[in-house]
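The structure appears right after this line, and notes come after that.
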Amino acid sequence: MRLLRALHDPADDERAVVAAGSVLSRHELLGRAAALAAELRGVPMAAVPAVATEATIVAVTAGLLAGVPIVPVPPDAGELERAHVLRDSRATVLLADDPHAADDSGLPVVPVSGHAGGTVPAEPDPDSAALVLYTSGTTGLPKGVVLARRAIAAGLDALADAWQWTAGDTLVHGLPLYHVHGLVLGVLGALRTGSRLVHTGKPTPQAYAQAAGSLYFGVPTVWSRMCADPASARALRGVRLLVSGSAPLPVPVFTELAALTGHAPLERYGMTETLITVSARADGERRPGRVGVPVAGVETRLVTDSGAPLPADGETIGHLEVRGATLFDGYLRKDGAADRELAAGGWYRTGDVATIGPDGWHRIVGRASTDLIKTGGYRVGAGEVEDCLLAHPGVREAAVIGTPHPDLGEQITAFVVADGGTADSDELIAFVATRLSAHKRPRAVHLVAELPRNAMGKVQKARLKGTPQP
Ligand code: MLC
Ligand code: AMP
């Protein structure tokens, strides 16, 4: 079966995709993408500057038709991060309309627009890679997560089942097109189910209110901003489903959103490496503070540090492990192969700690490591930001943590020991922004005389979290 099944529907839909003010019919998208796919023959990996436009959707679709893995590059990635993604992925072309998009990477630029009416190639092997999505680890630069076509197909079908997501829906969101949420669910989901897609550019309350959709996606920050704009929230009373994910939805936001819109939001949980594994159902119960039950084809369990099984009694907290059809193939290695660590039996440790009730409902308690921060739904590794700060000549030591933020869930907060007193907080924030993506900038940089360390010399981040912020 074809990965983008609905895109091949012989019936046209004039308004299949609306993004950045452009409207694409189903036939136009398929024809443009197929023509571009023909130019990609033999390309091992193609990068796409993932601006939220119709051109990005055409480029990603072309890669998928051609069987060429696509690596989306965050459009605001700073120079260090961008160079890393292009080099590490070993992309050989950049799909972009801007002839200068390659900057100093030296990659040839293949224009996205100007092609039409191509012949659709045969469906690539379902086991082949579809996407390489870069995501933060606790240390070092982001890693390329290799997602196979069959994992994406399985993940989207499971969500279509859980959310009763059909061609009759109009999906609305304004999320970035370089992560699972905005790209896999938010674009490929529409092209597989046949629902229309309206991408609002930014996920603002006003844009969501005006989009006249039936199915809306957002990270918790989007929904808390919606609650702060009651008029826009009330405009969603007639929609079918509001879905929240990528970070914990605070219970007060759940309650307020339900009161304003008449819809209890549907929560689901997942990660780049596993796609969406746990969800409430459109035809089922919603529980604030709980993310639901495993989706079709996915199993979950709780284990101790050493991997021993723990009971699903709703109280015992353990490491959450998942297995099933939606798992990634591994992180991209230097030789181009994918590599991952699974426990015996094919279980993947998510890095989240959770409880599972006797009825299968999951509560995500938090991350096992303090070094992965979730800010506005973005995953940011503390080590990546620390390394970046340490590259500044005025910084001798740096420790980065997530601290509570009312809008973003967590904010990135840095503690810096200056080298010779030359560091300036604003300058350091700007320095990070030039090298990494904008959302990886610390919101606050505290200059301190020293970092709290244990007897082994390791920074005690728990003590930093407890420090009254200067
Ligand atoms: C940001 N700004 C700063 C700053 N950080 N200014 C100074 N110093 C800093 N440290 C600027 C921003 O550039 C922006 O400027 C303004 O402040 C507001 O920033 P913001 O508060 O971050 O808001 P915004 O840019 O509107 O972004 C909020 C958001 C965004 C919710 C729209 O965080 C977002 O799109 N999140 C989605 C992340 C996502 O898709 N995650 C899915 C991962 S996949 P200006 O000028 O631009 O206004 C996954 C799997 C799963 O997790 O389960 O789904
Ligand atoms: P990412 O790799 O960006 O896909 O982030 C995945 C992480 O986001 C997970 O490991 C969780 O920590 C977090 N996450 C995703 N969805 C939820 C949710 N509904 N509730 C709590 N945390 C979530």
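Within each chain, counting starts at residue 1; across the structure tokens, chains are named A, B, ... in the order shown, with ligands numbered 1 upward in that order.
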
Set out as a Markdown table a contact list for chain A and ligand 2 with a cut-off of 10 Å, giving each residue of chain A that qualifies its closest atom pair and distance in Å to one decimal, counting only C-alpha atoms and all ligand atoms, ordered by chain and rising residue number.
| residue | atom | partner | partner_atom_place_in_ligand_line | distance |
| --- | --- | --- | --- | --- |
| A:Leu133 | CA | ligand 2 | 2 (O) | 9.4 |
| A:Tyr134 | CA | ligand 2 | 2 (O) | 9.0 |
| A:Thr135 | CA | ligand 2 | 2 (O) | 6.0 |
| A:Ser136 | CA | ligand 2 | 2 (O) | 7.3 |
| A:Gly137 | CA | ligand 2 | 2 (O) | 8.8 |
| A:Val145 | CA | ligand 2 | 2 (O) | 9.4 |
| A:His179 | CA | ligand 2 | 3 (O) | 7.0 |
| A:Val180 | CA | ligand 2 | 4 (O) | 6.4 |
| A:His181 | CA | ligand 2 | 4 (O) | 7.6 |
| A:Val219 | CA | ligand 2 | 16 (N) | 8.5 |
| A:Pro220 | CA | ligand 2 | 19 (N) | 8.6 |
| A:Val243 | CA | ligand 2 | 19 (N) | 9.6 |
| A:Ser244 | CA | ligand 2 | 19 (N) | 6.7 |
| A:Gly245 | CA | ligand 2 | 19 (N) | 4.2 |
| A:Ser246 | CA | ligand 2 | 15 (C) | 3.4 |
| A:Ala247 | CA | ligand 2 | 23 (C) | 3.7 |
| A:Pro248 | CA | ligand 2 | 20 (N) | 3.6 |
| A:Leu249 | CA | ligand 2 | 20 (N) | 6.3 |
| A:Pro250 | CA | ligand 2 | 20 (N) | 9.2 |
| A:Leu266 | CA | ligand 2 | 19 (N) | 9.4 |
| A:Glu267 | CA | ligand 2 | 19 (N) | 5.6 |
| A:Arg268 | CA | ligand 2 | 19 (N) | 4.7 |
| A:Tyr269 | CA | ligand 2 | 16 (N) | 3.7 |
| A:Gly270 | CA | ligand 2 | 15 (C) | 4.8 |
| A:Met271 | CA | ligand 2 | 4 (O) | 3.4 |
| A:Thr272 | CA | ligand 2 | 4 (O) | 3.8 |
| A:Glu273 | CA | ligand 2 | 2 (O) | 6.7 |
| A:Thr274 | CA | ligand 2 | 4 (O) | 8.2 |
| A:Leu275 | CA | ligand 2 | 4 (O) | 7.5 |
| A:Ile276 | CA | ligand 2 | 16 (N) | 8.0 |
| A:Thr277 | CA | ligand 2 | 16 (N) | 9.4 |
| A:Val278 | CA | ligand 2 | 19 (N) | 8.4 |
| A:Ser279 | CA | ligand 2 | 19 (N) | 8.2 |
| A:Gly289 | CA | ligand 2 | 20 (N) | 8.2 |
| A:Arg290 | CA | ligand 2 | 20 (N) | 7.9 |
| A:Val291 | CA | ligand 2 | 19 (N) | 5.6 |
| A:Gly292 | CA | ligand 2 | 19 (N) | 8.9 |
| A:Leu320 | CA | ligand 2 | 10 (O) | 9.6 |
| A:Arg349 | CA | ligand 2 | 10 (O) | 9.7 |
| A:Thr350 | CA | ligand 2 | 10 (O) | 5.9 |
| A:Gly351 | CA | ligand 2 | 10 (O) | 6.2 |
| A:Asp352 | CA | ligand 2 | 12 (O) | 5.6 |
| A:Val353 | CA | ligand 2 | 12 (O) | 8.6 |
| A:Ala354 | CA | ligand 2 | 21 (C) | 9.5 |
| A:His362 | CA | ligand 2 | 20 (N) | 9.6 |
| A:Arg363 | CA | ligand 2 | 20 (N) | 8.0 |
| A:Ile364 | CA | ligand 2 | 21 (C) | 5.5 |
| A:Val365 | CA | ligand 2 | 21 (C) | 7.7 |
| A:Gly366 | CA | ligand 2 | 12 (O) | 6.4 |
| A:Arg367 | CA | ligand 2 | 12 (O) | 5.7 |
| A:Ala368 | CA | ligand 2 | 12 (O) | 9.0 |
| A:Ser369 | CA | ligand 2 | 12 (O) | 9.9 |
| A:Leu372 | CA | ligand 2 | 12 (O) | 8.2 |
| A:Ile373 | CA | ligand 2 | 12 (O) | 8.5 |
| A:Lys374 | CA | ligand 2 | 8 (O) | 6.8 |
| A:Thr375 | CA | ligand 2 | 3 (O) | 9.7 |
| A:Gly377 | CA | ligand 2 | 3 (O) | 6.9 |
| A:Tyr378 | CA | ligand 2 | 3 (O) | 5.5 |
| A:Arg379 | CA | ligand 2 | 3 (O) | 4.5 |
| A:Val380 | CA | ligand 2 | 3 (O) | 8.0 |

Give me, as number ranges by chain, the residues of region 58-233 of chain A that a backbone DSSP run labels helix (DSSP H, G or I). A: 58-66, 79-89, 103-105, 149-163, 180-193, 205-210, 220-227, 230-233

Extract, using only C-alpha atoms, all DNA, RNA and protein residues at most 9 Å from region 457-465 of chain A, discarding same-chain residues fewer than 3 positions from it, and format them as a PyMOL selection string. chain A and resi 370-371+399-403+415+451-454+468-469

Test item: residues at most 7 Å from region 337-346 of chain A, only C-alpha atoms, excluding those fewer than 5 positions along its chain, as a ChimeraX atom specification: /A:146,323,329-332

Output file for the residues above (C-alpha atoms, as a compact mmCIF listing (two decimals), in the first residue's frame):
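Done, and the output landed in result.txt:
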# COMPACT_ATOMS: atom_id res chain seq x y z
CA VAL A 146 15.82 7.32 11.12
CA ARG A 323 7.69 -1.81 21.59
CA ASP A 329 15.27 2.17 12.97
CA GLY A 330 18.02 3.84 15.00
CA TYR A 331 20.19 6.93 15.11
CA LEU A 332 22.10 7.72 11.96

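Atom pair CA of Pro44 (chain A) / CA of Asp98 (chain A): separated by 21.6 Å.
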
I want to know what sits within 10 Å of region 102-112 of chain A, based on only C-alpha atoms, with residues of the same chain fewer than 3 positions away left out; could you give that as a PyMOL selection string? chain A and resi 32-33+35-37+39-40+46-49+54-60+62+79+82-83+86-87+91-99+115

Mind dumping the selected residues with N, CA and C atoms as a compact mmCIF listing (two decimals), in the first residue's frame?
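To be explicit, this is the file written out as result06.txt:
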# COMPACT_ATOMS: atom_id res chain seq x y z
N ARG A 32 3.21 17.90 -8.93
CA ARG A 32 4.45 18.66 -8.67
C ARG A 32 5.48 17.78 -7.96
N ALA A 33 5.00 17.03 -6.98
CA ALA A 33 5.93 16.19 -6.21
C ALA A 33 6.48 15.06 -7.09
N ALA A 35 6.96 15.13 -10.29
CA ALA A 35 7.94 15.69 -11.23
C ALA A 35 9.28 15.94 -10.53
N LEU A 36 9.22 16.45 -9.30
CA LEU A 36 10.44 16.68 -8.54
C LEU A 36 11.09 15.34 -8.17
N ALA A 37 10.26 14.35 -7.86
CA ALA A 37 10.78 13.02 -7.52
C ALA A 37 11.65 12.47 -8.66
N GLU A 39 13.57 14.01 -10.52
CA GLU A 39 14.90 14.64 -10.49
C GLU A 39 15.75 14.11 -9.35
N LEU A 40 15.13 13.38 -8.44
CA LEU A 40 15.86 12.93 -7.25
C LEU A 40 16.40 11.51 -7.39
N ALA A 46 18.19 13.84 0.91
CA ALA A 46 17.95 15.22 0.50
C ALA A 46 17.54 16.04 1.71
N ALA A 47 18.13 17.23 1.83
CA ALA A 47 17.77 18.14 2.92
C ALA A 47 16.75 19.15 2.42
N VAL A 48 15.86 19.56 3.34
CA VAL A 48 14.83 20.55 3.00
C VAL A 48 14.82 21.61 4.10
N PRO A 49 15.07 22.89 3.76
CA PRO A 49 14.88 23.93 4.78
C PRO A 49 13.39 23.97 5.12
N GLU A 54 4.09 25.78 1.39
CA GLU A 54 3.64 24.71 0.49
C GLU A 54 4.84 24.08 -0.20
N ALA A 55 5.92 24.85 -0.43
CA ALA A 55 7.10 24.30 -1.10
C ALA A 55 7.73 23.18 -0.26
N THR A 56 7.75 23.36 1.04
CA THR A 56 8.30 22.31 1.91
C THR A 56 7.45 21.05 1.81
N ILE A 57 6.15 21.22 1.77
CA ILE A 57 5.26 20.05 1.67
C ILE A 57 5.46 19.34 0.33
N VAL A 58 5.65 20.11 -0.73
CA VAL A 58 5.93 19.50 -2.04
C VAL A 58 7.26 18.74 -1.99
N ALA A 59 8.27 19.35 -1.39
CA ALA A 59 9.61 18.74 -1.36
C ALA A 59 9.61 17.45 -0.54
N VAL A 60 8.97 17.47 0.61
CA VAL A 60 8.92 16.26 1.44
C VAL A 60 8.14 15.17 0.71
N ALA A 62 7.84 14.80 -2.46
CA ALA A 62 8.66 14.30 -3.57
C ALA A 62 9.66 13.27 -3.07
N GLU A 79 24.21 28.61 12.83
CA GLU A 79 25.18 28.06 11.87
C GLU A 79 25.76 26.72 12.31
N ARG A 82 23.00 23.92 11.97
CA ARG A 82 22.69 23.68 10.57
C ARG A 82 23.83 22.91 9.87
N ALA A 83 25.05 23.34 10.13
CA ALA A 83 26.20 22.67 9.53
C ALA A 83 26.27 21.22 10.01
N LEU A 86 23.50 19.10 8.22
CA LEU A 86 23.83 18.84 6.81
C LEU A 86 24.99 17.85 6.70
N ARG A 87 25.98 18.02 7.54
CA ARG A 87 27.16 17.15 7.45
C ARG A 87 26.84 15.75 7.97
N ALA A 91 23.47 14.57 3.55
CA ALA A 91 22.58 14.98 2.46
C ALA A 91 23.44 15.44 1.29
N THR A 92 23.00 15.12 0.08
CA THR A 92 23.80 15.51 -1.09
C THR A 92 23.14 16.63 -1.89
N VAL A 93 21.89 16.91 -1.61
CA VAL A 93 21.23 18.05 -2.27
C VAL A 93 20.34 18.76 -1.27
N LEU A 94 20.02 20.01 -1.61
CA LEU A 94 19.10 20.80 -0.81
C LEU A 94 17.91 21.12 -1.71
N LEU A 95 16.71 20.80 -1.26
CA LEU A 95 15.52 21.09 -2.06
C LEU A 95 14.96 22.43 -1.60
N ALA A 96 15.08 23.45 -2.43
CA ALA A 96 14.68 24.80 -2.02
C ALA A 96 14.52 25.69 -3.24
N ASP A 97 13.60 26.64 -3.12
CA ASP A 97 13.44 27.57 -4.23
C ASP A 97 14.47 28.69 -4.21
N ASP A 98 14.97 28.98 -3.02
CA ASP A 98 15.98 30.04 -2.90
C ASP A 98 17.34 29.50 -3.38
N PRO A 99 17.88 30.05 -4.49
CA PRO A 99 19.14 29.50 -5.01
C PRO A 99 20.30 29.67 -4.03
N HIS A 115 8.08 22.55 -11.38
CA HIS A 115 7.84 21.21 -11.91
C HIS A 115 6.34 20.95 -11.81

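Here the question is which of A:Leu80, A:Val184, A:Ala11, A:Val295 gets nearest to ligand 1 using only C-alpha atoms and all ligand atoms, and that residue is A:Val184.
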
Name the closest residue to Ala282 (chain A) among the candidates A:Arg240, A:Arg2, A:Arg301, A:Arg149; distances are taken between atoms, counting only C-alpha atoms.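 So, comparing all the options, the nearest one is A:Arg240.
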
When DSSP is applied to the backbone of this structure, which of region 69-246 of chain A are assigned strand (DSSP E or B)? Write them out as a PyMOL selection string. chain A and resi 70-73+93-95+109-110+129-135+143-148+170-173+196-199+215-218+241-244

When distances are computed from only C-alpha atoms and all ligand atoms, which of A:Thr422, A:Thr255, A:Thr261, A:Thr413 shows the smallest separation from ligand 1?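 Looking at the shortest contact to ligand 1, the residue is A:Thr413.
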
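Distances from A:Val120, A:Leu390, A:Ala77, A:Ala398 to ligand 1 were compared using only C-alpha atoms and all ligand atoms, and the smallest one belongs to A:Ala77.
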
Selection: 10 Å around Ala52 (chain A), only C-alpha atoms, excl. self and same-chain fewer than 2 positions, as a PyMOL selection string: chain A and resi 19-20+49-50+54-57+75+174-178+182-183+199-202

Using only C-alpha atoms and all ligand atoms: which of A:Thr221, A:Thr138, A:Thr300, A:Thr193 has the shortest distance to ligand 1: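 Nearest to ligand 1: A:Thr221.
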
With only C-alpha atoms as the counted atoms, please give the residues lying no more than 8 Å from Gly360 (chain A), apart from itself and same-chain residues fewer than 6 positions off, as a PyMOL selection string. chain A and resi 292-294+312

File of the preceding selection, C-alpha atoms, as a short mmCIF file (atom, residue, chain, number, x, y, z; two decimals), in the first residue's frame:
data_model
loop_
_atom_site.label_atom_id
_atom_site.label_comp_id
_atom_site.auth_asym_id
_atom_site.auth_seq_id
_atom_site.Cartn_x
_atom_site.Cartn_y
_atom_site.Cartn_z
CA GLY A 292 -4.29 7.42 27.57
CA VAL A 293 -3.67 3.84 26.56
CA PRO A 294 -1.31 2.23 24.01
CA ALA A 312 0.81 -1.62 36.40
#

Selected residue, from A:Leu131, A:Leu65, A:Ile70, A:Val51, that lies nearest to Ala101 (chain A) when counting only C-alpha atoms: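 Ranked by minimum distance to Ala101 (chain A), first place goes to A:Val51.
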